[in-house]
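Structure file upload_19.cif with mmCIF, C-alpha atoms:
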data_data
#
loop_
_atom_site.group_PDB
_atom_site.id
_atom_site.type_symbol
_atom_site.label_atom_id
_atom_site.label_comp_id
_atom_site.auth_asym_id
_atom_site.auth_seq_id
_atom_site.Cartn_x
_atom_site.Cartn_y
_atom_site.Cartn_z
ATOM 1 C CA MET A 83 6.212 -22.908 10.616
ATOM 2 C CA GLU A 84 6.243 -26.485 11.875
ATOM 3 C CA LYS A 85 2.986 -27.721 10.408
ATOM 4 C CA LYS A 86 1.751 -27.156 6.870
ATOM 5 C CA VAL A 87 -1.363 -25.010 6.953
ATOM 6 C CA ASN A 88 -3.192 -27.714 5.065
ATOM 7 C CA ASP A 89 -2.715 -30.055 8.062
ATOM 8 C CA LEU A 90 -4.592 -27.534 10.180
ATOM 9 C CA LEU A 91 -7.559 -27.623 7.815
ATOM 10 C CA LYS A 92 -10.018 -30.384 6.984
ATOM 11 C CA LYS A 93 -9.244 -32.479 3.954
ATOM 12 C CA GLY A 94 -10.788 -30.597 1.043
ATOM 13 C CA ALA A 95 -10.185 -28.214 -1.801
ATOM 14 C CA PHE A 96 -8.529 -25.131 -0.299
ATOM 15 C CA LYS A 97 -7.513 -22.237 -2.474
ATOM 16 C CA VAL A 98 -5.863 -18.849 -2.101
ATOM 17 C CA ASN A 99 -7.924 -16.376 -4.107
ATOM 18 C CA GLY A 100 -8.104 -12.607 -4.470
ATOM 19 C CA SER A 101 -8.999 -9.584 -6.536
ATOM 20 C CA LEU A 102 -6.898 -6.854 -8.096
ATOM 21 C CA TRP A 103 -7.527 -3.277 -9.174
ATOM 22 C CA ILE A 104 -5.795 0.015 -9.929
ATOM 23 C CA GLU A 105 -6.216 3.132 -7.812
ATOM 24 C CA GLY A 106 -5.582 6.676 -8.934
ATOM 25 C CA ASP A 107 -5.243 9.210 -6.114
ATOM 26 C CA GLY A 108 -6.660 6.627 -3.706
ATOM 27 C CA GLN A 109 -9.760 5.944 -5.798
ATOM 28 C CA ARG A 110 -10.370 2.551 -7.398
ATOM 29 C CA PHE A 111 -10.970 3.107 -11.113
ATOM 30 C CA PHE A 112 -9.694 0.137 -13.095
ATOM 31 C CA GLY A 113 -10.487 -3.529 -12.491
ATOM 32 C CA PRO A 114 -12.400 -6.448 -14.033
ATOM 33 C CA GLY A 115 -15.696 -4.509 -14.403
ATOM 34 C CA PRO A 116 -14.289 -1.388 -16.101
ATOM 35 C CA VAL A 117 -12.129 -3.585 -18.376
ATOM 36 C CA GLU A 118 -15.179 -5.562 -19.488
ATOM 37 C CA LEU A 119 -17.103 -2.318 -20.074
ATOM 38 C CA LEU A 120 -14.291 -0.816 -22.184
ATOM 39 C CA GLU A 121 -14.024 -3.974 -24.268
ATOM 40 C CA LEU A 122 -17.775 -4.034 -24.876
ATOM 41 C CA ILE A 123 -17.736 -0.349 -25.887
ATOM 42 C CA GLY A 124 -14.968 -1.238 -28.356
ATOM 43 C CA LYS A 125 -16.997 -4.193 -29.661
ATOM 44 C CA THR A 126 -20.431 -2.543 -29.865
ATOM 45 C CA GLY A 127 -19.344 1.054 -30.599
ATOM 46 C CA SER A 128 -21.799 2.259 -27.972
ATOM 47 C CA ILE A 129 -21.757 2.965 -24.233
ATOM 48 C CA SER A 130 -25.477 2.176 -23.915
ATOM 49 C CA LYS A 131 -25.189 -1.157 -25.761
ATOM 50 C CA ALA A 132 -22.156 -2.095 -23.654
ATOM 51 C CA ALA A 133 -24.034 -1.184 -20.458
ATOM 52 C CA LYS A 134 -27.028 -3.240 -21.593
ATOM 53 C CA GLU A 135 -24.869 -6.317 -22.249
ATOM 54 C CA MET A 136 -23.510 -6.008 -18.711
ATOM 55 C CA GLY A 137 -26.951 -5.497 -17.165
ATOM 56 C CA MET A 138 -25.743 -2.085 -15.977
ATOM 57 C CA SER A 139 -27.586 1.252 -16.114
ATOM 58 C CA TYR A 140 -26.389 3.792 -18.674
ATOM 59 C CA LYS A 141 -25.813 6.237 -15.814
ATOM 60 C CA LYS A 142 -23.497 3.801 -14.014
ATOM 61 C CA ALA A 143 -21.601 3.000 -17.245
ATOM 62 C CA TRP A 144 -21.235 6.694 -17.992
ATOM 63 C CA GLU A 145 -19.853 7.305 -14.483
ATOM 64 C CA ILE A 146 -17.254 4.539 -14.918
ATOM 65 C CA VAL A 147 -16.236 5.909 -18.327
ATOM 66 C CA SER A 148 -16.072 9.425 -16.923
ATOM 67 C CA ARG A 149 -13.839 8.296 -14.028
ATOM 68 C CA ILE A 150 -11.510 6.377 -16.377
ATOM 69 C CA ASN A 151 -11.303 9.297 -18.825
ATOM 70 C CA GLY A 152 -10.507 11.567 -15.881
ATOM 71 C CA MET A 153 -7.504 9.373 -14.992
ATOM 72 C CA ALA A 154 -6.230 8.880 -18.552
ATOM 73 C CA ALA A 155 -3.630 11.160 -20.145
ATOM 74 C CA GLU A 156 -5.929 11.168 -23.188
ATOM 75 C CA PRO A 157 -9.539 9.912 -23.020
ATOM 76 C CA PHE A 158 -9.840 6.121 -23.260
ATOM 77 C CA VAL A 159 -13.419 6.410 -24.556
ATOM 78 C CA VAL A 160 -14.133 8.872 -27.349
ATOM 79 C CA THR A 161 -17.717 9.692 -28.227
ATOM 80 C CA SER A 162 -18.086 11.272 -31.644
ATOM 81 C CA ILE A 163 -20.207 14.318 -32.436
ATOM 82 C CA GLY A 164 -23.855 13.481 -32.799
ATOM 83 C CA GLY A 165 -23.848 11.955 -29.331
ATOM 84 C CA GLU A 166 -24.315 8.376 -28.316
ATOM 85 C CA ASP A 167 -27.198 7.673 -30.720
ATOM 86 C CA GLY A 168 -26.097 9.756 -33.699
ATOM 87 C CA GLY A 169 -22.369 9.122 -33.473
ATOM 88 C CA GLY A 170 -21.166 6.311 -31.288
ATOM 89 C CA SER A 171 -18.201 5.611 -29.031
ATOM 90 C CA THR A 172 -14.806 4.054 -29.598
ATOM 91 C CA ILE A 173 -11.926 3.150 -27.316
ATOM 92 C CA SER A 174 -8.457 4.596 -27.857
ATOM 93 C CA ALA A 175 -5.163 2.818 -28.543
ATOM 94 C CA GLY A 176 -4.171 3.828 -24.999
ATOM 95 C CA ALA A 177 -7.237 2.030 -23.636
ATOM 96 C CA LYS A 178 -6.279 -1.124 -25.567
ATOM 97 C CA GLU A 179 -2.683 -0.966 -24.306
ATOM 98 C CA THR A 180 -3.881 -0.507 -20.722
ATOM 99 C CA ILE A 181 -6.263 -3.466 -21.074
ATOM 100 C CA ALA A 182 -3.403 -5.608 -22.441
ATOM 101 C CA TRP A 183 -1.225 -4.576 -19.480
ATOM 102 C CA TYR A 184 -4.071 -5.346 -17.046
ATOM 103 C CA ARG A 185 -4.421 -8.834 -18.587
ATOM 104 C CA SER A 186 -0.712 -9.525 -18.150
ATOM 105 C CA LEU A 187 -0.957 -8.253 -14.554
ATOM 106 C CA ARG A 188 -3.872 -10.670 -13.980
ATOM 107 C CA ASP A 189 -1.738 -13.490 -15.399
ATOM 108 C CA ARG A 190 1.082 -12.716 -12.959
ATOM 109 C CA PHE A 191 -1.461 -12.544 -10.127
ATOM 110 C CA ARG A 192 -2.872 -15.936 -11.193
ATOM 111 C CA VAL A 193 0.643 -17.425 -10.965
ATOM 112 C CA PHE A 194 1.039 -15.888 -7.490
ATOM 113 C CA LEU A 195 -2.287 -17.384 -6.339
ATOM 114 C CA GLU A 196 -1.488 -20.796 -7.847
ATOM 115 C CA GLU A 197 1.913 -20.900 -6.174
ATOM 116 C CA GLU A 198 0.424 -19.932 -2.809
ATOM 117 C CA THR A 199 -2.338 -22.505 -3.219
ATOM 118 C CA ALA A 200 0.273 -25.180 -4.062
ATOM 119 C CA ALA A 201 2.328 -24.172 -0.999
ATOM 120 C CA LEU A 202 -0.734 -24.733 1.169
ATOM 121 C CA LYS A 203 -0.515 -28.479 0.500
ATOM 122 C CA MET B 1142 4.392 -3.094 -24.739
ATOM 123 C CA GLU B 1143 5.852 0.057 -26.297
ATOM 124 C CA LYS B 1144 4.580 2.629 -23.817
ATOM 125 C CA LYS B 1145 4.737 2.418 -20.036
ATOM 126 C CA VAL B 1146 1.197 2.282 -18.668
ATOM 127 C CA ASN B 1147 1.991 5.304 -16.557
ATOM 128 C CA ASP B 1148 2.448 7.373 -19.756
ATOM 129 C CA LEU B 1149 -1.128 6.508 -20.667
ATOM 130 C CA LEU B 1150 -2.407 7.870 -17.355
ATOM 131 C CA LYS B 1151 -2.459 11.388 -15.970
ATOM 132 C CA LYS B 1152 0.424 12.379 -13.740
ATOM 133 C CA GLY B 1153 -0.609 11.282 -10.260
ATOM 134 C CA ALA B 1154 -0.320 8.619 -7.624
ATOM 135 C CA PHE B 1155 -1.301 5.336 -9.258
ATOM 136 C CA LYS B 1156 -1.219 2.116 -7.328
ATOM 137 C CA VAL B 1157 -1.926 -1.567 -7.907
ATOM 138 C CA ASN B 1158 -4.013 -2.790 -4.989
ATOM 139 C CA GLY B 1159 -5.988 -5.895 -4.142
ATOM 140 C CA SER B 1160 -7.477 -8.205 -1.560
ATOM 141 C CA LEU B 1161 -6.737 -11.789 -0.617
ATOM 142 C CA TRP B 1162 -8.690 -14.584 1.026
ATOM 143 C CA ILE B 1163 -8.833 -18.359 1.443
ATOM 144 C CA GLU B 1164 -11.621 -20.506 0.030
ATOM 145 C CA GLY B 1165 -12.602 -23.957 1.214
ATOM 146 C CA ASP B 1166 -14.776 -25.930 -1.194
ATOM 147 C CA GLY B 1167 -15.410 -22.719 -3.154
ATOM 148 C CA GLN B 1168 -16.549 -20.739 -0.104
ATOM 149 C CA ARG B 1169 -14.597 -17.768 1.205
ATOM 150 C CA PHE B 1170 -13.916 -18.353 4.909
ATOM 151 C CA PHE B 1171 -10.593 -16.762 5.855
ATOM 152 C CA GLY B 1172 -9.482 -13.193 5.195
ATOM 153 C CA PRO B 1173 -8.760 -9.906 7.011
ATOM 154 C CA GLY B 1174 -12.130 -9.830 8.842
ATOM 155 C CA PRO B 1175 -12.066 -13.401 10.226
ATOM 156 C CA VAL B 1176 -8.392 -12.975 11.192
ATOM 157 C CA GLU B 1177 -9.200 -9.822 13.169
ATOM 158 C CA LEU B 1178 -12.139 -11.596 14.827
ATOM 159 C CA LEU B 1179 -10.000 -14.605 15.850
ATOM 160 C CA GLU B 1180 -7.310 -12.336 17.286
ATOM 161 C CA LEU B 1181 -9.875 -10.374 19.296
ATOM 162 C CA ILE B 1182 -11.401 -13.600 20.628
ATOM 163 C CA GLY B 1183 -7.872 -14.608 21.704
ATOM 164 C CA LYS B 1184 -7.348 -11.226 23.330
ATOM 165 C CA THR B 1185 -10.722 -10.798 25.060
ATOM 166 C CA GLY B 1186 -11.524 -14.478 25.730
ATOM 167 C CA SER B 1187 -15.035 -13.892 24.435
ATOM 168 C CA ILE B 1188 -16.836 -14.059 21.093
ATOM 169 C CA SER B 1189 -19.344 -11.392 22.149
ATOM 170 C CA LYS B 1190 -16.648 -8.962 23.343
ATOM 171 C CA ALA B 1191 -14.674 -9.529 20.124
ATOM 172 C CA ALA B 1192 -17.814 -8.922 18.036
ATOM 173 C CA LYS B 1193 -18.543 -5.743 19.980
ATOM 174 C CA GLU B 1194 -15.020 -4.384 19.378
ATOM 175 C CA MET B 1195 -15.523 -4.946 15.652
ATOM 176 C CA GLY B 1196 -18.998 -3.381 15.656
ATOM 177 C CA MET B 1197 -20.356 -6.726 14.497
ATOM 178 C CA SER B 1198 -23.460 -8.549 15.728
ATOM 179 C CA TYR B 1199 -22.923 -11.624 17.884
ATOM 180 C CA LYS B 1200 -24.897 -13.634 15.330
ATOM 181 C CA LYS B 1201 -22.561 -12.609 12.512
ATOM 182 C CA ALA B 1202 -19.450 -13.333 14.622
ATOM 183 C CA TRP B 1203 -20.857 -16.712 15.600
ATOM 184 C CA GLU B 1204 -21.502 -17.544 11.923
ATOM 185 C CA ILE B 1205 -17.905 -16.651 10.990
ATOM 186 C CA VAL B 1206 -16.546 -18.749 13.866
ATOM 187 C CA SER B 1207 -18.835 -21.616 12.929
ATOM 188 C CA ARG B 1208 -17.680 -21.507 9.281
ATOM 189 C CA ILE B 1209 -13.997 -21.416 10.300
ATOM 190 C CA ASN B 1210 -14.428 -24.261 12.794
ATOM 191 C CA GLY B 1211 -16.201 -26.233 10.057
ATOM 192 C CA MET B 1212 -13.121 -25.891 7.816
ATOM 193 C CA ALA B 1213 -10.506 -26.583 10.512
ATOM 194 C CA ALA B 1214 -9.148 -30.062 11.219
ATOM 195 C CA GLU B 1215 -9.699 -29.219 14.894
ATOM 196 C CA PRO B 1216 -11.806 -26.218 16.018
ATOM 197 C CA PHE B 1217 -9.933 -22.898 15.915
ATOM 198 C CA VAL B 1218 -12.276 -21.416 18.519
ATOM 199 C CA VAL B 1219 -13.029 -23.440 21.635
ATOM 200 C CA THR B 1220 -15.826 -22.346 23.937
ATOM 201 C CA SER B 1221 -15.636 -23.883 27.386
ATOM 202 C CA ILE B 1222 -18.543 -25.419 29.285
ATOM 203 C CA GLY B 1223 -20.702 -22.820 30.929
ATOM 204 C CA GLY B 1224 -21.247 -21.109 27.603
ATOM 205 C CA GLU B 1225 -20.078 -17.733 26.437
ATOM 206 C CA ASP B 1226 -20.927 -15.900 29.660
ATOM 207 C CA GLY B 1227 -20.049 -18.583 32.185
ATOM 208 C CA GLY B 1228 -16.986 -20.015 30.465
ATOM 209 C CA GLY B 1229 -15.420 -18.039 27.679
ATOM 210 C CA SER B 1230 -13.693 -18.738 24.402
ATOM 211 C CA THR B 1231 -10.096 -19.295 23.392
ATOM 212 C CA ILE B 1232 -8.329 -19.795 20.089
ATOM 213 C CA SER B 1233 -6.276 -22.910 19.401
ATOM 214 C CA ALA B 1234 -2.589 -23.254 18.524
ATOM 215 C CA GLY B 1235 -3.753 -24.206 15.017
ATOM 216 C CA ALA B 1236 -5.630 -20.902 14.754
ATOM 217 C CA LYS B 1237 -2.500 -18.998 15.776
ATOM 218 C CA GLU B 1238 -0.364 -20.879 13.227
ATOM 219 C CA THR B 1239 -2.912 -20.220 10.484
ATOM 220 C CA ILE B 1240 -2.997 -16.506 11.392
ATOM 221 C CA ALA B 1241 0.833 -16.399 11.264
ATOM 222 C CA TRP B 1242 0.773 -18.063 7.836
ATOM 223 C CA TYR B 1243 -1.908 -15.620 6.631
ATOM 224 C CA ARG B 1244 0.267 -12.688 7.763
ATOM 225 C CA SER B 1245 3.271 -14.022 5.843
ATOM 226 C CA LEU B 1246 1.010 -14.530 2.800
ATOM 227 C CA ARG B 1247 -0.138 -10.888 3.130
ATOM 228 C CA ASP B 1248 3.524 -9.813 3.258
ATOM 229 C CA ARG B 1249 4.282 -11.677 0.022
ATOM 230 C CA PHE B 1250 1.172 -10.138 -1.552
ATOM 231 C CA ARG B 1251 2.315 -6.668 -0.431
ATOM 232 C CA VAL B 1252 5.664 -7.251 -2.188
ATOM 233 C CA PHE B 1253 3.800 -8.346 -5.336
ATOM 234 C CA LEU B 1254 1.639 -5.183 -5.257
ATOM 235 C CA GLU B 1255 4.635 -2.917 -4.595
ATOM 236 C CA GLU B 1256 6.601 -4.445 -7.467
ATOM 237 C CA GLU B 1257 3.656 -4.065 -9.840
ATOM 238 C CA THR B 1258 3.105 -0.480 -8.698
ATOM 239 C CA ALA B 1259 6.806 0.267 -9.261
ATOM 240 C CA ALA B 1260 6.653 -1.304 -12.751
ATOM 241 C CA LEU B 1261 3.783 1.052 -13.601
ATOM 242 C CA LYS B 1262 6.177 3.993 -13.527
#

Final structure tokens representation of the file:
Amino acid sequence: MEKKVNDLLKKGAFKVNGSLWIEGDGQRFFGPGPVELLELIGKTGSISKAAKEMGMSYKKAWEIVSRINGMAAEPFVVTSIGGEDGGGSTISAGAKETIAWYRSLRDRFRVFLEEETAALK
Amino acid sequence: MEKKVNDLLKKGAFKVNGSLWIEGDGQRFFGPGPVELLELIGKTGSISKAAKEMGMSYKKAWEIVSRINGMAAEPFVVTSIGGEDGGGSTISAGAKETIAWYRSLRDRFRVFLEEETAALK
């Protein structure tokens, strides 16, 4: 290209930005929202408390957890006998590893976006 | 990480996917939708025809064009005297260059996503 894209745009703060998620069988099931929910379940020991902190309905949180558990080799969220109120929920080692991988993926994506933003100028 | 993420997930078709756009002063103004609209304006010579092909209202198309023109050093969409019906609209060389750059950016993003999807396995 002859001209830098930035020359085609007004002087200002231009930025390449984006979002990233994981699909299983064509269905989006893992991204920033689900990761935050899993982490809050791990922190609070409860799906309903995690949902509340996110301003999300219990039903919606349960659906996300159900979808994630359906994609995982072994459930990422384990609810102990006694149910949500009597027992409580924890996240598995596999969930923690997947979250760590997602964070490193986000970091690589951030580098990609920063490089593309720098190339704009 | 000890385990491959794919070992933590059920056997199936997992994929890293995402979307990409350009922000000017914190506002999203350029992505797949606006690019398609610009190309259709170039093809049809008319904002209203382009909007119709996309199943978009003229008002919405006009707002997108207005936002893009507001970010461009020189307007990307030029409507000739006589108005939309009497005259018609064209896209500038700058618009075409920016679309070409966006396509190459998408290609680099596709490589990123494919590499991350491959690393999942």

For this session: Starting from the shown file, work through the PyMOL selection byres ((chain B) within 8 of (chain A)) and note down what comes out as a PyMOL selection string.
Result: chain B and resi 1142+1146+1148-1167+1212-1215+1235+1238-1239+1242+1246+1257

Seminar exercise, completed: Students should find that atom CA of B:Val1218 and atom CA of B:Arg1244 are spaced 18.7 Å

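Using all atoms listed in the file, the nearest neighbour of B:Ala1192 within the list B:Lys1262, B:Ser1207, B:Pro1175, B:Lys1237 is B:Pro1175.
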
Give me the least-squares superposed chain B (reference chain A; all C-alpha atoms paired in order) as a PDB file with C-alpha atoms, in the frame of the given file.
ATOM      1  CA  MET B1142       6.256 -22.896  10.632  1.00  0.00           C
ATOM      2  CA  GLU B1143       6.290 -26.499  11.859  1.00  0.00           C
ATOM      3  CA  LYS B1144       3.001 -27.690  10.393  1.00  0.00           C
ATOM      4  CA  LYS B1145       1.757 -27.152   6.854  1.00  0.00           C
ATOM      5  CA  VAL B1146      -1.368 -24.997   6.967  1.00  0.00           C
ATOM      6  CA  ASN B1147      -3.197 -27.707   5.087  1.00  0.00           C
ATOM      7  CA  ASP B1148      -2.704 -30.062   8.076  1.00  0.00           C
ATOM      8  CA  LEU B1149      -4.582 -27.545  10.199  1.00  0.00           C
ATOM      9  CA  LEU B1150      -7.558 -27.619   7.833  1.00  0.00           C
ATOM     10  CA  LYS B1151     -10.004 -30.381   7.004  1.00  0.00           C
ATOM     11  CA  LYS B1152      -9.229 -32.481   3.962  1.00  0.00           C
ATOM     12  CA  GLY B1153     -10.780 -30.603   1.056  1.00  0.00           C
ATOM     13  CA  ALA B1154     -10.177 -28.211  -1.780  1.00  0.00           C
ATOM     14  CA  PHE B1155      -8.536 -25.127  -0.294  1.00  0.00           C
ATOM     15  CA  LYS B1156      -7.518 -22.241  -2.469  1.00  0.00           C
ATOM     16  CA  VAL B1157      -5.869 -18.843  -2.101  1.00  0.00           C
ATOM     17  CA  ASN B1158      -7.928 -16.365  -4.098  1.00  0.00           C
ATOM     18  CA  GLY B1159      -8.097 -12.611  -4.470  1.00  0.00           C
ATOM     19  CA  SER B1160      -8.998  -9.578  -6.521  1.00  0.00           C
ATOM     20  CA  LEU B1161      -6.906  -6.852  -8.095  1.00  0.00           C
ATOM     21  CA  TRP B1162      -7.533  -3.277  -9.166  1.00  0.00           C
ATOM     22  CA  ILE B1163      -5.800   0.017  -9.937  1.00  0.00           C
ATOM     23  CA  GLU B1164      -6.208   3.132  -7.815  1.00  0.00           C
ATOM     24  CA  GLY B1165      -5.576   6.689  -8.922  1.00  0.00           C
ATOM     25  CA  ASP B1166      -5.227   9.215  -6.110  1.00  0.00           C
ATOM     26  CA  GLY B1167      -6.645   6.626  -3.693  1.00  0.00           C
ATOM     27  CA  GLN B1168      -9.741   5.928  -5.800  1.00  0.00           C
ATOM     28  CA  ARG B1169     -10.359   2.552  -7.405  1.00  0.00           C
ATOM     29  CA  PHE B1170     -10.979   3.118 -11.123  1.00  0.00           C
ATOM     30  CA  PHE B1171      -9.692   0.130 -13.093  1.00  0.00           C
ATOM     31  CA  GLY B1172     -10.492  -3.533 -12.500  1.00  0.00           C
ATOM     32  CA  PRO B1173     -12.401  -6.461 -14.051  1.00  0.00           C
ATOM     33  CA  GLY B1174     -15.691  -4.520 -14.402  1.00  0.00           C
ATOM     34  CA  PRO B1175     -14.287  -1.395 -16.114  1.00  0.00           C
ATOM     35  CA  VAL B1176     -12.125  -3.589 -18.377  1.00  0.00           C
ATOM     36  CA  GLU B1177     -15.177  -5.573 -19.495  1.00  0.00           C
ATOM     37  CA  LEU B1178     -17.093  -2.329 -20.074  1.00  0.00           C
ATOM     38  CA  LEU B1179     -14.285  -0.819 -22.198  1.00  0.00           C
ATOM     39  CA  GLU B1180     -14.024  -3.982 -24.289  1.00  0.00           C
ATOM     40  CA  LEU B1181     -17.780  -4.031 -24.893  1.00  0.00           C
ATOM     41  CA  ILE B1182     -17.735  -0.357 -25.897  1.00  0.00           C
ATOM     42  CA  GLY B1183     -14.963  -1.257 -28.374  1.00  0.00           C
ATOM     43  CA  LYS B1184     -16.998  -4.183 -29.663  1.00  0.00           C
ATOM     44  CA  THR B1185     -20.438  -2.547 -29.878  1.00  0.00           C
ATOM     45  CA  GLY B1186     -19.350   1.046 -30.613  1.00  0.00           C
ATOM     46  CA  SER B1187     -21.799   2.266 -27.994  1.00  0.00           C
ATOM     47  CA  ILE B1188     -21.763   2.969 -24.259  1.00  0.00           C
ATOM     48  CA  SER B1189     -25.478   2.186 -23.931  1.00  0.00           C
ATOM     49  CA  LYS B1190     -25.204  -1.144 -25.785  1.00  0.00           C
ATOM     50  CA  ALA B1191     -22.163  -2.095 -23.680  1.00  0.00           C
ATOM     51  CA  ALA B1192     -24.034  -1.183 -20.478  1.00  0.00           C
ATOM     52  CA  LYS B1193     -27.028  -3.235 -21.594  1.00  0.00           C
ATOM     53  CA  GLU B1194     -24.863  -6.317 -22.256  1.00  0.00           C
ATOM     54  CA  MET B1195     -23.491  -6.017 -18.723  1.00  0.00           C
ATOM     55  CA  GLY B1196     -26.939  -5.485 -17.188  1.00  0.00           C
ATOM     56  CA  MET B1197     -25.734  -2.093 -15.996  1.00  0.00           C
ATOM     57  CA  SER B1198     -27.582   1.229 -16.127  1.00  0.00           C
ATOM     58  CA  TYR B1199     -26.386   3.779 -18.669  1.00  0.00           C
ATOM     59  CA  LYS B1200     -25.810   6.213 -15.805  1.00  0.00           C
ATOM     60  CA  LYS B1201     -23.497   3.781 -14.020  1.00  0.00           C
ATOM     61  CA  ALA B1202     -21.594   2.986 -17.245  1.00  0.00           C
ATOM     62  CA  TRP B1203     -21.241   6.683 -17.990  1.00  0.00           C
ATOM     63  CA  GLU B1204     -19.852   7.291 -14.478  1.00  0.00           C
ATOM     64  CA  ILE B1205     -17.255   4.523 -14.922  1.00  0.00           C
ATOM     65  CA  VAL B1206     -16.239   5.900 -18.326  1.00  0.00           C
ATOM     66  CA  SER B1207     -16.075   9.411 -16.918  1.00  0.00           C
ATOM     67  CA  ARG B1208     -13.842   8.277 -14.023  1.00  0.00           C
ATOM     68  CA  ILE B1209     -11.516   6.366 -16.377  1.00  0.00           C
ATOM     69  CA  ASN B1210     -11.302   9.276 -18.824  1.00  0.00           C
ATOM     70  CA  GLY B1211     -10.523  11.550 -15.867  1.00  0.00           C
ATOM     71  CA  MET B1212      -7.513   9.364 -14.979  1.00  0.00           C
ATOM     72  CA  ALA B1213      -6.229   8.874 -18.542  1.00  0.00           C
ATOM     73  CA  ALA B1214      -3.636  11.156 -20.129  1.00  0.00           C
ATOM     74  CA  GLU B1215      -5.930  11.173 -23.171  1.00  0.00           C
ATOM     75  CA  PRO B1216      -9.547   9.906 -23.022  1.00  0.00           C
ATOM     76  CA  PHE B1217      -9.859   6.113 -23.265  1.00  0.00           C
ATOM     77  CA  VAL B1218     -13.424   6.419 -24.555  1.00  0.00           C
ATOM     78  CA  VAL B1219     -14.131   8.884 -27.347  1.00  0.00           C
ATOM     79  CA  THR B1220     -17.713   9.722 -28.231  1.00  0.00           C
ATOM     80  CA  SER B1221     -18.099  11.317 -31.637  1.00  0.00           C
ATOM     81  CA  ILE B1222     -20.212  14.373 -32.421  1.00  0.00           C
ATOM     82  CA  GLY B1223     -23.857  13.531 -32.774  1.00  0.00           C
ATOM     83  CA  GLY B1224     -23.879  11.993 -29.321  1.00  0.00           C
ATOM     84  CA  GLU B1225     -24.336   8.402 -28.312  1.00  0.00           C
ATOM     85  CA  ASP B1226     -27.204   7.694 -30.709  1.00  0.00           C
ATOM     86  CA  GLY B1227     -26.103   9.776 -33.674  1.00  0.00           C
ATOM     87  CA  GLY B1228     -22.368   9.150 -33.466  1.00  0.00           C
ATOM     88  CA  GLY B1229     -21.152   6.332 -31.297  1.00  0.00           C
ATOM     89  CA  SER B1230     -18.204   5.616 -29.060  1.00  0.00           C
ATOM     90  CA  THR B1231     -14.808   4.055 -29.604  1.00  0.00           C
ATOM     91  CA  ILE B1232     -11.925   3.148 -27.335  1.00  0.00           C
ATOM     92  CA  SER B1233      -8.459   4.592 -27.874  1.00  0.00           C
ATOM     93  CA  ALA B1234      -5.159   2.820 -28.550  1.00  0.00           C
ATOM     94  CA  GLY B1235      -4.163   3.824 -25.006  1.00  0.00           C
ATOM     95  CA  ALA B1236      -7.227   2.017 -23.644  1.00  0.00           C
ATOM     96  CA  LYS B1237      -6.280  -1.122 -25.571  1.00  0.00           C
ATOM     97  CA  GLU B1238      -2.681  -0.978 -24.298  1.00  0.00           C
ATOM     98  CA  THR B1239      -3.879  -0.501 -20.722  1.00  0.00           C
ATOM     99  CA  ILE B1240      -6.268  -3.466 -21.079  1.00  0.00           C
ATOM    100  CA  ALA B1241      -3.393  -5.604 -22.441  1.00  0.00           C
ATOM    101  CA  TRP B1242      -1.219  -4.579 -19.483  1.00  0.00           C
ATOM    102  CA  TYR B1243      -4.063  -5.348 -17.049  1.00  0.00           C
ATOM    103  CA  ARG B1244      -4.424  -8.830 -18.584  1.00  0.00           C
ATOM    104  CA  SER B1245      -0.706  -9.531 -18.158  1.00  0.00           C
ATOM    105  CA  LEU B1246      -0.953  -8.262 -14.558  1.00  0.00           C
ATOM    106  CA  ARG B1247      -3.878 -10.671 -13.981  1.00  0.00           C
ATOM    107  CA  ASP B1248      -1.742 -13.502 -15.397  1.00  0.00           C
ATOM    108  CA  ARG B1249       1.078 -12.721 -12.957  1.00  0.00           C
ATOM    109  CA  PHE B1250      -1.466 -12.547 -10.126  1.00  0.00           C
ATOM    110  CA  ARG B1251      -2.884 -15.934 -11.185  1.00  0.00           C
ATOM    111  CA  VAL B1252       0.631 -17.429 -10.954  1.00  0.00           C
ATOM    112  CA  PHE B1253       1.036 -15.891  -7.482  1.00  0.00           C
ATOM    113  CA  LEU B1254      -2.300 -17.389  -6.338  1.00  0.00           C
ATOM    114  CA  GLU B1255      -1.506 -20.803  -7.841  1.00  0.00           C
ATOM    115  CA  GLU B1256       1.904 -20.903  -6.165  1.00  0.00           C
ATOM    116  CA  GLU B1257       0.411 -19.937  -2.805  1.00  0.00           C
ATOM    117  CA  THR B1258      -2.352 -22.519  -3.209  1.00  0.00           C
ATOM    118  CA  ALA B1259       0.257 -25.177  -4.048  1.00  0.00           C
ATOM    119  CA  ALA B1260       2.336 -24.188  -0.987  1.00  0.00           C
ATOM    120  CA  LEU B1261      -0.744 -24.742   1.186  1.00  0.00           C
ATOM    121  CA  LYS B1262      -0.531 -28.472   0.534  1.00  0.00           C
TER     122      LYS B1262
END

So for stretch 1205-1215 of chain B, what box centre and size do we get, axis-aligned, 8 Å extra on each of the six sides, every listed atom, Å to one decimal, as JSON?
{"center_x": -14.0, "center_y": -23.4, "center_z": 11.4, "size_x": 25.7, "size_y": 29.4, "size_z": 23.1}

For this session: Quick one: everything within 9 Å of B:Tyr1199, counting all atoms listed in the file, minus sequence neighbours fewer than 5 positions away in the same chain. Send it as a PyMOL selection string.
Result: chain B and resi 1188-1193+1204

Pull C-alpha atoms from the residues just selected and write them as a PDB file, in the coordinates of the input.
ATOM      1  CA  ILE B1188     -16.836 -14.059  21.093  1.00  0.00           C
ATOM      2  CA  SER B1189     -19.344 -11.392  22.149  1.00  0.00           C
ATOM      3  CA  LYS B1190     -16.648  -8.962  23.343  1.00  0.00           C
ATOM      4  CA  ALA B1191     -14.674  -9.529  20.124  1.00  0.00           C
ATOM      5  CA  ALA B1192     -17.814  -8.922  18.036  1.00  0.00           C
ATOM      6  CA  LYS B1193     -18.543  -5.743  19.980  1.00  0.00           C
ATOM      7  CA  GLU B1204     -21.502 -17.544  11.923  1.00  0.00           C
TER       8      GLU B1204
END
